[in-house]
$ cat model20.pdb   # PDB, C-alpha atoms, pLDDT in the B column
ATOM      1  CA  MET A   1      76.508  95.209 112.639  1.00 52.00           C
ATOM      2  CA  ALA A   2      80.248  94.562 112.522  1.00 66.00           C
ATOM      3  CA  GLU A   3      82.515  97.319 111.300  1.00 78.00           C
ATOM      4  CA  ILE A   4      84.554  96.405 108.230  1.00 78.00           C
ATOM      5  CA  GLU A   5      88.232  97.367 108.188  1.00 80.00           C
ATOM      6  CA  ASP A   6      89.524  99.334 105.227  1.00 86.00           C
ATOM      7  CA  PRO A   7      91.016  96.782 102.780  1.00 87.00           C
ATOM      8  CA  VAL A   8      94.100  98.946 102.172  1.00 90.00           C
ATOM      9  CA  VAL A   9      94.835  99.058 105.912  1.00 91.00           C
ATOM     10  CA  THR A  10      94.289  95.282 106.137  1.00 92.00           C
ATOM     11  CA  LEU A  11      96.702  94.609 103.272  1.00 93.00           C
ATOM     12  CA  ALA A  12      99.331  96.947 104.751  1.00 93.00           C
ATOM     13  CA  ARG A  13      98.997  95.273 108.168  1.00 94.00           C
ATOM     14  CA  LEU A  14      99.353  91.780 106.669  1.00 94.00           C
ATOM     15  CA  LEU A  15     102.413  92.802 104.669  1.00 93.00           C
ATOM     16  CA  ASP A  16     103.972  94.482 107.693  1.00 92.00           C
ATOM     17  CA  LYS A  17     103.566  91.358 109.835  1.00 94.00           C
ATOM     18  CA  ASN A  18     104.529  88.756 107.230  1.00 93.00           C
ATOM     19  CA  ILE A  19     107.143  90.250 104.899  1.00 89.00           C
ATOM     20  CA  GLN A  20     110.831  89.460 105.280  1.00 88.00           C
ATOM     21  CA  VAL A  21     113.447  90.768 102.895  1.00 86.00           C
ATOM     22  CA  VAL A  22     116.960  89.346 102.870  1.00 85.00           C
ATOM     23  CA  LYS A  23     119.876  91.480 101.715  1.00 82.00           C
ATOM     24  CA  ASP A  24     122.690  90.206  99.510  1.00 80.00           C
ATOM     25  CA  ASP A  25     124.886  89.639 102.569  1.00 82.00           C
ATOM     26  CA  GLY A  26     122.224  87.376 104.171  1.00 85.00           C
ATOM     27  CA  SER A  27     121.024  89.804 106.844  1.00 86.00           C
ATOM     28  CA  LEU A  28     117.401  90.920 107.143  1.00 88.00           C
ATOM     29  CA  ALA A  29     116.542  94.287 105.626  1.00 87.00           C
ATOM     30  CA  ASP A  30     114.682  96.920 107.620  1.00 89.00           C
ATOM     31  CA  ILE A  31     111.448  97.433 105.649  1.00 90.00           C
ATOM     32  CA  CYS A  32     108.691  99.930 106.436  1.00 90.00           C
ATOM     33  CA  VAL A  33     105.133  99.258 105.205  1.00 92.00           C
ATOM     34  CA  THR A  34     102.887 102.319 104.987  1.00 90.00           C
ATOM     35  CA  THR A  35      99.607 103.408 103.469  1.00 88.00           C
ATOM     36  CA  GLU A  36     101.290 106.667 102.523  1.00 79.00           C
ATOM     37  CA  TRP A  37     103.162 107.133  99.285  1.00 81.00           C
ATOM     38  CA  TYR A  38     106.904 107.143  98.722  1.00 77.00           C
ATOM     39  CA  ASP A  39     108.819 109.136 101.328  1.00 77.00           C
ATOM     40  CA  ARG A  40     112.424 110.054 100.513  1.00 78.00           C
ATOM     41  CA  GLU A  41     113.145 111.040 104.132  1.00 80.00           C
ATOM     42  CA  LEU A  42     111.943 107.669 105.414  1.00 79.00           C
ATOM     43  CA  LEU A  43     114.383 105.816 103.152  1.00 79.00           C
ATOM     44  CA  LYS A  44     117.318 107.503 104.889  1.00 82.00           C
ATOM     45  CA  ASN A  45     116.689 105.336 107.967  1.00 86.00           C
ATOM     46  CA  VAL A  46     115.403 102.072 106.435  1.00 88.00           C
ATOM     47  CA  ASP A  47     116.455  99.806 103.572  1.00 88.00           C
ATOM     48  CA  GLY A  48     113.111  99.818 101.789  1.00 88.00           C
ATOM     49  CA  GLN A  49     109.537 101.005 101.816  1.00 90.00           C
ATOM     50  CA  VAL A  50     106.373  99.198 100.733  1.00 91.00           C
ATOM     51  CA  THR A  51     103.478 101.521  99.943  1.00 92.00           C
ATOM     52  CA  VAL A  52      99.879 100.331  99.742  1.00 93.00           C
ATOM     53  CA  GLY A  53      97.100 102.484  98.350  1.00 91.00           C
ATOM     54  CA  LEU A  54      93.750 102.298  96.603  1.00 89.00           C
ATOM     55  CA  ASP A  55      94.253 102.318  92.826  1.00 89.00           C
ATOM     56  CA  HIS A  56      90.573 102.471  91.893  1.00 89.00           C
ATOM     57  CA  SER A  57      87.231 101.006  92.891  1.00 88.00           C
ATOM     58  CA  GLU A  58      84.084  99.850  91.145  1.00 90.00           C
ATOM     59  CA  ASP A  59      80.518 100.018  92.424  1.00 88.00           C
ATOM     60  CA  GLN A  60      77.857  97.888  90.701  1.00 89.00           C
ATOM     61  CA  LYS A  61      74.133  97.693  91.311  1.00 89.00           C
ATOM     62  CA  LEU A  62      72.840  94.141  91.638  1.00 87.00           C
ATOM     63  CA  GLY A  63      69.195  94.269  90.628  1.00 84.00           C
ATOM     64  CA  PHE A  64      66.820  97.022  89.632  1.00 85.00           C
ATOM     65  CA  SER A  65      66.128  98.338  93.128  1.00 85.00           C
ATOM     66  CA  ALA A  66      69.859  98.846  93.913  1.00 78.00           C
ATOM     67  CA  THR A  67      69.382  97.470  97.422  1.00 84.00           C
ATOM     68  CA  LEU A  68      72.225  95.037  96.740  1.00 87.00           C
ATOM     69  CA  ARG A  69      75.531  96.441  95.592  1.00 86.00           C
ATOM     70  CA  ARG A  70      78.942  94.984  94.858  1.00 88.00           C
ATOM     71  CA  ARG A  71      81.962  97.117  95.618  1.00 86.00           C
ATOM     72  CA  VAL A  72      85.355  96.042  94.347  1.00 89.00           C
ATOM     73  CA  GLY A  73      88.550  97.863  95.278  1.00 88.00           C
ATOM     74  CA  TYR A  74      91.897  97.443  93.532  1.00 91.00           C
ATOM     75  CA  ALA A  75      94.989  98.057  95.618  1.00 91.00           C
ATOM     76  CA  ARG A  76      98.327  99.245  94.276  1.00 92.00           C
ATOM     77  CA  VAL A  77     101.434  97.984  96.049  1.00 92.00           C
ATOM     78  CA  LYS A  78     104.797  99.564  95.254  1.00 91.00           C
ATOM     79  CA  ILE A  79     108.155  98.558  96.647  1.00 88.00           C
ATOM     80  CA  TRP A  80     110.980 101.067  96.968  1.00 87.00           C
ATOM     81  CA  VAL A  81     114.508 100.019  97.882  1.00 83.00           C
ATOM     82  CA  VAL A  82     117.724 101.953  98.278  1.00 78.00           C
ATOM     83  CA  ASP A  83     121.051 100.594  97.141  1.00 74.00           C
ATOM     84  CA  LYS A  84     123.607 101.954  99.631  1.00 71.00           C
ATOM     85  CA  PRO A  85     127.025 100.705  98.504  1.00 66.00           C
ATOM     86  CA  GLY A  86     128.661 103.760 100.045  1.00 55.00           C
ATOM     87  CA  SER A  87     127.670 107.364 100.038  1.00 36.00           C
ATOM     88  CA  ALA A  88     125.873 107.239  96.685  1.00 42.00           C
ATOM     89  CA  ALA A  89     122.289 106.067  97.141  1.00 44.00           C
ATOM     90  CA  LYS A  90     120.264 104.979  94.133  1.00 47.00           C
ATOM     91  CA  GLN A  91     116.473 104.583  94.258  1.00 53.00           C
ATOM     92  CA  ILE A  92     115.098 101.608  92.383  1.00 55.00           C
ATOM     93  CA  PRO A  93     111.293 101.382  92.055  1.00 57.00           C
ATOM     94  CA  ILE A  94     109.994  97.807  91.850  1.00 58.00           C
ATOM     95  CA  ILE A  95     106.378  97.458  90.761  1.00 56.00           C
ATOM     96  CA  ALA A  96     104.607  94.425  92.192  1.00 51.00           C
TER
END

$ encode --input "model20.pdb" --output "structure tokens"
Amino acid sequence: MAEIEDPVVTLARLLDKNIQVVKDDGSLADICVTTEWYDRELLKNVDGQVTVGLDHSEDQKLGFSATLRRRVGYARVKIWVVDKPGSAAKQIPIIA
């Protein structure tokens, strides 16, 4: 039987490979995609952080014997950026 990858890890991997963020000056932003939550120390070295985590999941029995089940997971994706016009950094949460 094939092993199924965690959907949160899959979503984080797809975002990490396929996301491109362009700054106001036209250059590409340095974005970090993690399955961990917001990390203030990480934002000192990058322009933004995308966090992916499991919001909640549902498990339903399909039939009386419960041999068939449907599991649905809902992911929460949050985007954190830092506006660095100088020395003052402002954190702006963007909910996707």

$ resolve_selection --input "model20.pdb" --expression "the PyMOL selection byres ((chain A and resi 42-50) around 10)" --output "PyMOL selection string"
chain A and resi 12+15-16+19+21+23+28-41+51-52+77-84+89+91-94+96

$ atom_distance --input "model20.pdb" --atom1 "atom CA of A:Asp55" --atom2 "atom CA of A:Gly73"
7.6 Å

$ axis_aligned_box --input "model20.pdb" --around "stretch 66-73 of chain A" --padding-each-side "6 Å" --output "JSON"
{"center_x": 79.0, "center_y": 96.9, "center_z": 95.7, "size_x": 31.2, "size_y": 15.9, "size_z": 15.5}

$ closest_residue --input "model20.pdb" --among "A:Thr10, A:Leu54, A:Asn18, A:Glu3" --to "A:Arg76" --atoms "all atoms listed in the file"
A:Leu54

$ atom_distance --input "model20.pdb" --atom1 "atom CA of A:Glu58" --atom2 "atom CA of A:Ala75"
11.9 Å

$ atom_distance --input "model20.pdb" --atom1 "atom CA of A:Val8" --atom2 "atom CA of A:Gly53"
6.0 Å

$ resolve_selection --input "model20.pdb" --expression "the PyMOL selection byres ((chain A and resi 71) around 9)" --output "list of chain:residue names"
A:Ser57, A:Glu58, A:Asp59, A:Gln60, A:Lys61, A:Arg69, A:Arg70, A:Val72, A:Gly73
